[in-house]
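Enquirer: As input, take start_6.tsv (TSV, C-alpha atoms):
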chain	number	residue	atom	x	y	z
A	2	MET	CA	0.00	0.00	0.00
A	3	LYS	CA	1.15	3.56	-0.65
A	4	ILE	CA	2.11	5.92	2.19
A	5	GLY	CA	-1.21	7.79	2.12
A	6	GLU	CA	-3.26	4.62	2.57
A	7	PHE	CA	-0.80	3.29	5.15
A	8	ALA	CA	-1.04	6.49	7.19
A	9	LYS	CA	-4.83	6.58	6.88
A	10	ARG	CA	-5.20	2.97	8.04
A	11	ALA	CA	-2.91	3.70	11.01
A	12	ASN	CA	-4.69	7.01	11.72
A	13	VAL	CA	-1.48	9.06	11.56
A	14	THR	CA	-0.11	11.66	9.18
A	15	THR	CA	2.23	10.78	6.35
A	16	SER	CA	4.84	13.03	7.98
A	17	ALA	CA	4.62	10.89	11.14
A	18	VAL	CA	5.26	7.77	9.06
A	19	ARG	CA	8.28	9.42	7.42
A	20	TYR	CA	9.57	10.55	10.82
A	21	TYR	CA	9.27	7.06	12.32
A	22	GLU	CA	11.21	5.73	9.32
A	23	LYS	CA	13.85	8.44	9.71
A	24	VAL	CA	14.46	7.64	13.41
A	25	GLY	CA	14.50	3.89	12.73
A	26	LEU	CA	11.22	2.86	14.36
A	27	LEU	CA	9.87	1.68	11.01
A	28	PRO	CA	12.05	-0.04	8.43
A	29	ALA	CA	12.34	1.67	5.08
A	30	PRO	CA	9.67	0.22	2.78
A	31	ARG	CA	10.42	-1.02	-0.67
A	32	ARG	CA	10.24	1.58	-3.42
A	33	VAL	CA	8.23	1.20	-6.59
A	34	SER	CA	8.95	3.93	-9.14
A	35	GLY	CA	10.41	5.99	-6.28
A	36	ARG	CA	7.26	5.73	-4.12
A	37	ARG	CA	7.03	3.98	-0.79
A	38	GLU	CA	5.12	0.67	-0.83
A	39	TYR	CA	4.26	-0.79	2.56
A	40	ALA	CA	3.53	-4.43	3.28
A	41	ASP	CA	0.53	-5.24	5.47
A	42	ASP	CA	2.78	-6.32	8.37
A	43	ALA	CA	4.12	-2.75	8.61
A	44	LEU	CA	0.78	-1.77	10.20
A	45	ALA	CA	1.36	-4.16	13.11
A	46	ARG	CA	4.82	-2.71	13.76
A	47	LEU	CA	3.47	0.83	13.58
A	48	ALA	CA	0.72	-0.16	16.04
A	49	ILE	CA	3.42	-1.26	18.50
A	50	VAL	CA	5.34	1.98	17.98
A	51	LEU	CA	2.24	4.13	18.48
A	52	HIS	CA	1.15	2.19	21.56
A	53	ALA	CA	4.59	2.51	23.15
A	54	ARG	CA	4.70	6.25	22.41
A	55	ARG	CA	1.20	6.79	23.87
A	56	LEU	CA	2.33	5.04	27.03
A	57	GLY	CA	5.20	7.48	27.38
A	58	PHE	CA	8.11	5.48	26.03
A	59	SER	CA	10.77	7.71	24.50
A	60	ILE	CA	11.88	7.33	20.89
A	61	ALA	CA	15.04	5.55	22.10
A	62	GLU	CA	13.07	3.18	24.36
A	63	THR	CA	10.63	2.44	21.56
A	64	GLY	CA	13.57	1.79	19.24
A	65	ARG	CA	14.99	-0.77	21.66
A	66	LEU	CA	11.59	-2.41	21.82
A	67	VAL	CA	11.08	-2.82	18.07
A	68	SER	CA	14.65	-3.31	16.89
A	69	VAL	CA	15.32	-6.60	15.14
A	70	PHE	CA	12.62	-8.80	16.65
A	71	PRO	CA	13.83	-12.38	16.83
A	72	PRO	CA	10.71	-14.58	16.91
A	73	SER	CA	10.68	-15.24	20.68
A	74	THR	CA	11.62	-11.86	22.16
A	75	PRO	CA	8.73	-9.36	21.97
A	76	SER	CA	7.23	-10.27	25.34
A	77	ALA	CA	10.65	-10.32	27.01
A	78	ARG	CA	11.36	-6.84	25.68
A	79	TRP	CA	7.97	-5.57	26.79
A	80	LYS	CA	8.60	-6.96	30.29
A	81	LYS	CA	12.05	-5.39	30.58
A	82	LEU	CA	10.93	-1.98	29.34
A	83	ALA	CA	7.72	-2.12	31.40
A	84	SER	CA	9.66	-2.84	34.59
A	85	ALA	CA	11.90	0.17	34.05
A	86	LYS	CA	8.95	2.38	33.11
A	87	LEU	CA	7.01	1.31	36.22
A	88	ILE	CA	9.77	2.77	38.39
A	89	GLU	CA	9.45	6.07	36.52
A	90	VAL	CA	5.65	6.03	36.78
A	91	ASP	CA	5.79	5.35	40.53
A	92	ALA	CA	8.02	8.42	40.96
A	93	ILE	CA	5.62	10.53	38.87
A	94	ILE	CA	2.67	9.31	40.96
A	95	ALA	CA	4.51	10.11	44.20
A	96	ARG	CA	5.23	13.66	42.97
A	97	ALA	CA	1.60	14.07	41.84
A	98	GLU	CA	0.30	12.87	45.22
A	99	ALA	CA	2.62	15.31	47.00
A	100	MET	CA	1.42	18.10	44.72
A	101	ARG	CA	-2.21	17.16	45.39
A	102	SER	CA	-1.59	17.23	49.13
A	103	THR	CA	0.05	20.64	48.88
A	104	LEU	CA	-2.76	22.02	46.72
A	105	GLU	CA	-5.35	20.73	49.19
A	106	LEU	CA	-3.40	22.37	52.01
A	107	ILE	CA	-3.14	25.66	50.11
A	108	SER	CA	-6.81	25.64	49.18
A	109	ALA	CA	-7.69	25.44	52.90
A	110	CYS	CA	-5.17	28.09	53.91
A	111	ARG	CA	-6.43	30.80	56.23
A	112	CYS	CA	-3.07	32.46	56.86
A	113	GLU	CA	-3.01	36.24	56.84
A	114	SER	CA	0.70	36.69	56.06
A	115	TRP	CA	3.57	34.94	54.30
A	116	ASP	CA	5.31	34.64	57.66
A	117	GLU	CA	2.35	32.83	59.22
A	118	CYS	CA	2.01	30.60	56.15
A	119	GLY	CA	5.73	29.77	56.09
A	120	ARG	CA	5.76	28.87	59.79
A	121	ALA	CA	2.73	26.61	59.32
A	122	LEU	CA	4.38	24.86	56.37
A	123	MET	CA	7.61	24.35	58.34
A	124	GLN	CA	5.63	22.88	61.23
A	125	ARG	CA	3.78	20.57	58.86
A	126	ARG	CA	7.07	19.47	57.34
A	127	ARG	CA	8.56	18.73	60.77
A	128	ASN	CA	5.47	16.75	61.75
A	129	SER	CA	5.56	14.84	58.47
A	130	SER	CA	9.26	13.96	58.91
A	131	ARG	CA	8.62	12.81	62.47
A	132	ASP	CA	5.71	10.63	61.30
A	133	GLU	CA	7.88	9.08	58.58
A	134	ARG	CA	10.67	8.25	61.06
A	135	THR	CA	8.15	6.69	63.45
A	136	ALA	CA	6.66	4.60	60.64
A	137	GLN	CA	10.12	3.40	59.58
A	138	ARG	CA	10.88	2.19	63.12
A	139	ALA	CA	7.59	0.29	63.36
Please render this file's structure as structure tokens.

Expert:
Amino acid sequence: MKIGEFAKRANVTTSAVRYYEKVGLLPAPRRVSGRREYADDALARLAIVLHARRLGFSIAETGRLVSVFPPSTPSARWKKLASAKLIEVDAIIARAEAMRSTLELISACRCESWDECGRALMQRRRNSSRDERTAQRA
């Protein structure tokens, strides 16, 4: 199929297809009279690339995932990359939860000065650190 049909079936732009070829996520298709001709199996590979990108994998990570698939390795690669990405996601979630907690605190703030607010935040931080140390000992 030609690049226009390939892009349409994958629901991406032709420039996205060219970009993924350029960075090595899609192999160069065969050329017929200078035009790209994609085999049907190229759609499956592009689906993997698009799924990985939507999940937040970088171009480099996605490249490691799809590079030279020996027949038995796709699931092993997914597992390895997923394990590493889970660590990143856990850190993002922890930061988001901390931000949520801070925003909830700020939205309930009744302080009348920066000094009062700063002292309250320092006290909260001390209490939080003390609670964490107590929990670690338990």

Enquirer: Using CA of Glu38 in chain A and CA of Lys3 in chain A as the two end points, give the distance in Å to one decimal.

Expert: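 Between CA of Glu38 in chain A and CA of Lys3 in chain A the gap works out to 4.9 Å.
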
Enquirer: Please measure the separation of CA of Trp115 in chain A and CA of Thr103 in chain A, giving the value in Å to one decimal.

Expert: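 Pair CA of Trp115 in chain A / CA of Thr103 in chain A returns 15.7 Å.
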
Enquirer: Give me the residues within 12 Å of range 24-35 of chain A as an NGL selection string, counting all atoms listed in the file and dropping any in the same chain fewer than 5 places off.

Expert: :A and (2-4 or 7 or 17-19 or 40-51 or 53-54 or 59-70)

Enquirer: Record the distance separating CA of Ile107 in chain A and CA of Arg131 in chain A, expressed in Å with one decimal.

Expert: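 Value for the CA of Ile107 in chain A-CA of Arg131 in chain A distance: 21.4 Å.
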
Enquirer: Find the spatial neighbours of Ser16 in chain A, counting all atoms listed in the file, within a cut-off of 10 Å - ignore same-chain residues fewer than 6 positions away - and output them as a list in words.

Expert: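 The contact residues come out as Ile4, Gly5, Ala8 and Glu22 of chain A.
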
Enquirer: As a ChimeraX atom specification, please: the residues near Lys86 in chain A (cut-off 10 Å, only C-alpha atoms, same-chain neighbours under 6 positions excluded).

Expert: /A:56-58,62,80,92

Enquirer: Enclose all atoms of range 96-106 of chain A listed in the file in an axis-aligned box, grow every side by 3 Å, and hand back centre and edge lengths in Å to one decimal, as AutoDock Vina command-line options.

Expert:
--center_x -0.1 --center_y 17.6 --center_z 46.9 --size_x 16.6 --size_y 15.5 --size_z 16.2
